[in-house]
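Peer 1: This is data_3.cif, which holds mmCIF, C-alpha atoms and all ligand atoms:
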data_data
#
loop_
_atom_site.group_PDB
_atom_site.id
_atom_site.type_symbol
_atom_site.label_atom_id
_atom_site.label_comp_id
_atom_site.auth_asym_id
_atom_site.auth_seq_id
_atom_site.Cartn_x
_atom_site.Cartn_y
_atom_site.Cartn_z
ATOM 1 C CA MET A 1 -9.228 44.936 -31.095
ATOM 2 C CA TYR A 2 -11.482 47.987 -31.368
ATOM 3 C CA ALA A 3 -14.554 45.870 -31.213
ATOM 4 C CA ILE A 4 -13.902 45.439 -27.495
ATOM 5 C CA PHE A 5 -13.949 49.194 -26.929
ATOM 6 C CA ARG A 6 -17.416 49.716 -28.270
ATOM 7 C CA LEU A 7 -18.762 50.396 -24.794
ATOM 8 C CA GLY A 8 -19.096 54.175 -24.861
ATOM 9 C CA SER A 9 -20.241 56.772 -27.302
ATOM 10 C CA ARG A 10 -17.038 58.723 -26.696
ATOM 11 C CA PRO A 11 -14.275 56.228 -27.312
ATOM 12 C CA ASP A 12 -11.495 58.720 -26.566
ATOM 13 C CA ARG A 13 -12.642 59.231 -22.973
ATOM 14 C CA VAL A 14 -13.700 55.695 -22.458
ATOM 15 C CA LEU A 15 -10.472 54.213 -23.660
ATOM 16 C CA ASP A 16 -8.480 54.199 -20.437
ATOM 17 C CA ARG A 17 -11.515 53.222 -18.400
ATOM 18 C CA CYS A 18 -11.978 50.347 -20.758
ATOM 19 C CA PHE A 19 -8.425 49.365 -20.284
ATOM 20 C CA ILE A 20 -9.099 48.951 -16.598
ATOM 21 C CA SER A 21 -12.365 47.200 -17.141
ATOM 22 C CA MET A 22 -10.609 44.808 -19.462
ATOM 23 C CA ILE A 23 -8.672 43.578 -16.505
ATOM 24 C CA TYR A 24 -11.317 44.117 -13.876
ATOM 25 C CA THR A 25 -14.884 43.468 -14.767
ATOM 26 C CA ASP A 26 -17.701 42.906 -12.345
ATOM 27 C CA LYS A 27 -17.991 39.265 -11.617
ATOM 28 C CA GLN A 28 -20.899 37.280 -10.366
ATOM 29 C CA ILE A 29 -19.653 34.841 -7.812
ATOM 30 C CA THR A 30 -21.650 32.252 -5.967
ATOM 31 C CA CYS A 31 -20.762 32.297 -2.318
ATOM 32 C CA HIS A 32 -19.072 29.137 -1.218
ATOM 33 C CA ASP A 33 -20.688 29.267 2.194
ATOM 34 C CA CYS A 34 -24.240 30.534 1.814
ATOM 35 C CA GLY A 35 -24.730 29.859 -1.907
ATOM 36 C CA MET A 36 -25.860 33.411 -2.600
ATOM 37 C CA ASP A 37 -24.726 35.181 -5.729
ATOM 38 C CA PHE A 38 -22.782 38.321 -5.069
ATOM 39 C CA THR A 39 -20.994 40.835 -7.229
ATOM 40 C CA PHE A 40 -17.258 41.105 -7.049
ATOM 41 C CA THR A 41 -17.023 44.549 -8.502
ATOM 42 C CA ALA A 42 -14.183 45.821 -10.654
ATOM 43 C CA LYS A 43 -13.374 48.294 -7.907
ATOM 44 C CA GLU A 44 -13.150 45.562 -5.306
ATOM 45 C CA GLN A 45 -11.004 43.542 -7.635
ATOM 46 C CA GLU A 46 -8.694 46.489 -7.989
ATOM 47 C CA GLN A 47 -8.495 46.843 -4.226
ATOM 48 C CA PHE A 48 -7.990 43.143 -3.889
ATOM 49 C CA ALA A 49 -5.155 43.217 -6.360
ATOM 50 C CA SER A 50 -3.572 46.217 -4.645
ATOM 51 C CA ILE A 51 -3.248 44.256 -1.409
ATOM 52 C CA GLY A 52 -1.712 41.348 -3.231
ATOM 53 C CA HIS A 53 -4.668 39.017 -3.692
ATOM 54 C CA VAL A 54 -4.667 37.148 -6.953
ATOM 55 C CA ASN A 55 -7.718 34.974 -6.697
ATOM 56 C CA ALA A 56 -11.282 36.117 -6.510
ATOM 57 C CA PRO A 57 -12.959 35.602 -3.175
ATOM 58 C CA LYS A 58 -15.064 32.500 -2.815
ATOM 59 C CA ARG A 59 -17.434 34.051 -0.344
ATOM 60 C CA CYS A 60 -19.695 37.043 -0.076
ATOM 61 C CA GLN A 61 -18.657 39.798 2.264
ATOM 62 C CA PRO A 62 -20.878 38.812 5.218
ATOM 63 C CA CYS A 63 -19.571 35.277 4.994
ATOM 64 C CA ARG A 64 -16.003 36.491 4.680
ATOM 65 C CA ILE A 65 -16.412 38.510 7.858
ATOM 66 C CA LYS A 66 -18.098 35.603 9.594
ATOM 67 C CA ARG A 67 -15.363 33.303 8.462
ATOM 68 C CA LYS A 68 -12.630 35.629 9.571
ATOM 69 C CA LYS A 69 -14.115 35.655 13.033
ATOM 70 C CA ALA A 70 -14.599 31.919 12.988
ATOM 71 C CA THR A 71 -11.075 31.281 11.823
ATOM 72 C CA SER A 72 -9.499 33.384 14.513
ATOM 73 C CA LYS A 73 -11.603 31.483 17.005
ATOM 74 C CA THR A 74 -10.669 28.123 15.550
ATOM 75 C CA ASN A 75 -7.022 29.033 15.574
ATOM 76 C CA SER A 76 -6.983 29.818 19.246
ATOM 77 C CA PHE A 77 -8.935 26.629 19.760
ATOM 78 C CA ALA A 78 -6.415 24.586 17.881
ATOM 79 C CA ALA A 79 -3.627 26.205 19.828
ATOM 80 C CA GLY A 80 -5.373 25.119 22.997
ATOM 81 C CA GLY A 81 -5.290 21.609 21.629
ATOM 82 C CA SER A 82 -8.870 20.749 22.498
ATOM 83 C CA SER A 83 -10.339 19.151 19.465
ATOM 84 C CA ASN A 84 -12.473 16.093 19.057
ATOM 85 C CA ILE A 85 -10.914 15.281 15.758
ATOM 86 C CA ASP A 86 -7.714 13.399 16.198
ATOM 87 C CA TYR A 87 -6.508 12.327 12.802
ATOM 88 C CA GLY A 88 -3.767 10.197 14.273
ATOM 89 C CA VAL A 89 -6.144 7.686 15.808
ATOM 90 C CA ALA A 90 -8.998 7.779 13.337
ATOM 91 C CA PRO A 91 -10.931 4.532 13.638
ATOM 92 C CA ARG A 92 -10.002 2.080 10.953
ATOM 93 C CA LYS A 93 -12.699 0.727 8.762
ATOM 94 C CA THR A 94 -13.195 -2.908 9.467
ATOM 95 C CA PHE A 95 -15.313 -5.592 7.871
ATOM 96 C CA ALA A 96 -17.078 -8.364 9.730
ATOM 97 C CA VAL A 97 -16.226 -11.731 8.229
ATOM 98 C CA LYS A 98 -16.187 -15.385 9.148
ATOM 99 C CA CYS A 99 -12.857 -17.135 9.381
ATOM 100 C CA SER A 100 -12.399 -19.452 6.425
ATOM 101 C CA THR A 101 -10.614 -21.991 8.563
ATOM 102 C CA CYS A 102 -12.395 -22.184 11.901
ATOM 103 C CA GLY A 103 -15.610 -20.306 11.119
ATOM 104 C CA LYS A 104 -15.158 -17.841 13.945
ATOM 105 C CA ASP A 105 -16.583 -14.322 13.558
ATOM 106 C CA THR A 106 -13.820 -11.809 13.088
ATOM 107 C CA VAL A 107 -13.065 -8.469 11.525
ATOM 108 C CA VAL A 108 -10.546 -7.601 8.860
ATOM 109 C CA PRO A 109 -9.235 -4.149 7.948
ATOM 110 C CA PHE A 110 -9.949 -4.647 4.245
ATOM 111 C CA ALA A 111 -12.943 -5.453 2.104
ATOM 112 C CA PRO A 112 -13.112 -9.233 1.844
ATOM 113 C CA GLU A 113 -13.052 -10.662 -1.645
ATOM 114 C CA ALA A 114 -15.425 -13.469 -2.464
ATOM 115 C CA ASN A 115 -12.846 -15.933 -3.717
ATOM 116 C CA ARG A 116 -10.259 -15.154 -1.124
ATOM 117 C CA PRO A 117 -10.074 -16.845 2.235
ATOM 118 C CA VAL A 118 -10.191 -14.643 5.314
ATOM 119 C CA TYR A 119 -8.836 -15.743 8.640
ATOM 120 C CA CYS A 120 -9.299 -14.815 12.228
ATOM 121 C CA TYR A 121 -6.199 -13.622 13.972
ATOM 122 C CA ASP A 122 -5.230 -17.055 15.261
ATOM 123 C CA CYS A 123 -5.696 -18.796 11.946
ATOM 124 C CA PHE A 124 -3.961 -16.014 10.129
ATOM 125 C CA ARG A 125 -0.907 -16.576 12.299
ATOM 126 C CA LYS A 126 -1.029 -20.300 11.653
ATOM 127 C CA VAL A 127 -1.403 -19.776 7.917
ATOM 128 C CA LYS A 128 1.460 -17.354 7.895
ATOM 129 C CA GLN A 129 3.657 -19.786 9.754
ATOM 130 C CA THR A 130 2.706 -22.564 7.370
ATOM 131 C CA LEU A 131 3.539 -20.411 4.387
ATOM 132 C CA LYS A 132 6.835 -19.509 5.972
ATOM 133 C CA SER A 133 7.814 -23.070 6.687
ATOM 134 C CA GLU A 134 6.706 -24.090 3.219
ATOM 135 C CA SER A 135 8.728 -21.465 1.490
ATOM 136 C CA SER A 136 11.884 -22.094 3.493
HETATM 137 ZN ZN ZN B 1 -22.178 34.028 1.711
HETATM 138 ZN ZN ZN B 2 -9.966 -18.964 12.487
#
Turn this file's structure into structure tokens for me.
Peer 2:
Amino acid sequence: MYAIFRLGSRPDRVLDRCFISMIYTDKQITCHDCGMDFTFTAKEQEQFASIGHVNAPKRCQPCRIKRKKATSKTNSFAAGGSSNIDYGVAPRKTFAVKCSTCGKDTVVPFAPEANRPVYCYDCFRKVKQTLKSESS
């Protein structure tokens, strides 16, 4: 255990400081936004912890400030409801295929498999009906 406290020449004075620095040590963090390395100091970590934050920040301070501003903007934007991104009606991925029955160009909402027939809408209906009448 004492090996950890080898930091200072006066272990008696250093002891309680070391206790803190055992929990909070300066951390090098790469900013999530700008990719710059920044130091999350022990002091900041202490402050962070005192206001209830558990996780280290992912961003440097300038980016955090920027982001805070951006977020408050985005929030009011979202409240206004004007957004280009509408997840409800996201365009479905479709694949251009040729109908196995009539040869018509069509699209299917799944990746066609080589050994599986694909049908245009009309033929698909016919095939479905055939299968139905066959099974009943
Ligand atoms: Zn940054
Ligand atoms: Zn067809």
Peer 1: Can you spell out as a PyMOL selection string the set of residues that the PyMOL selection byres (((chain A and resi 45-52) around 10) and not hetatm) selects in the structure I just provided?
Peer 2: chain A and resi 20-21+23-27+40-44+53-57
Peer 1: Go through A:Asp105, A:Glu134, A:Lys66, A:Phe110 and flag the residue nearest Asp122 in chain A, using all atoms listed in the file for the distances.
Peer 2: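 Checking each of A:Asp105, A:Glu134, A:Lys66, A:Phe110 against Asp122 in chain A, counting all atoms listed in the file, the winner is A:Asp105.
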Peer 1: Grab me every residue within 7 Å of ligand ZN 1 (chain B), counting only C-alpha atoms and all ligand atoms, and send it over as a compact mmCIF listing (two decimals) with C-alpha atoms, in the coordinates of the input.
Peer 2:
# COMPACT_ATOMS: atom_id res chain seq x y z
CA CYS A 31 -20.76 32.30 -2.32
CA HIS A 32 -19.07 29.14 -1.22
CA ASP A 33 -20.69 29.27 2.19
CA CYS A 34 -24.24 30.53 1.81
CA GLY A 35 -24.73 29.86 -1.91
CA MET A 36 -25.86 33.41 -2.60
CA ARG A 59 -17.43 34.05 -0.34
CA CYS A 60 -19.70 37.04 -0.08
CA GLN A 61 -18.66 39.80 2.26
CA PRO A 62 -20.88 38.81 5.22
CA CYS A 63 -19.57 35.28 4.99
Peer 1: Mind listing the residues within 6 Å of ligand ZN 2 (chain B), all atoms listed in the file counted, as an NGL selection string?
Peer 2: :A and (99 or 101-104 or 119-120 or 122-123)
Peer 1: For the atom pair CA of Lys132 in chain A and CA of Lys98 in chain A, what is the interatomic distance in Å to one decimal place?
Peer 2: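 Between CA of Lys132 in chain A and CA of Lys98 in chain A the gap is 23.6 Å.
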Peer 1: Between CA of Asn115 in chain A and CA of Leu131 in chain A, what is the spacing in Å?
Peer 2: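 So the answer is 18.8 Å.
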Peer 1: Applied to the shown file, which residues does the PyMOL selection byres (((chain A and resi 112) around 12) and not hetatm) return, written as a VMD selection string?
Peer 2: chain A and resid 94 to 100 106 to 111 113 to 119
Peer 1: As AutoDock Vina command-line options, please report the centre and edge lengths, rounded to one decimal in Å, of the axis-aligned box that holds all listed atoms of range 114-127 of chain A with 4 Å of padding on each of the six sides.
Peer 2:
--center_x -8.2 --center_y -16.9 --center_z 5.8 --size_x 22.5 --size_y 14.8 --size_z 27.0
Peer 1: Figure out the distance between CA of Arg64 in chain A and CA of Thr30 in chain A, please, to one decimal in Å.
Peer 2: 12.8 Å
Peer 1: Around the point (-24.6, 34.5, -11.0), in the coordinates given by the file, pick out the residues reaching within 6 Å, counting all atoms listed in the file, and return them as a ChimeraX atom specification.
Peer 2: /A:28-29,37
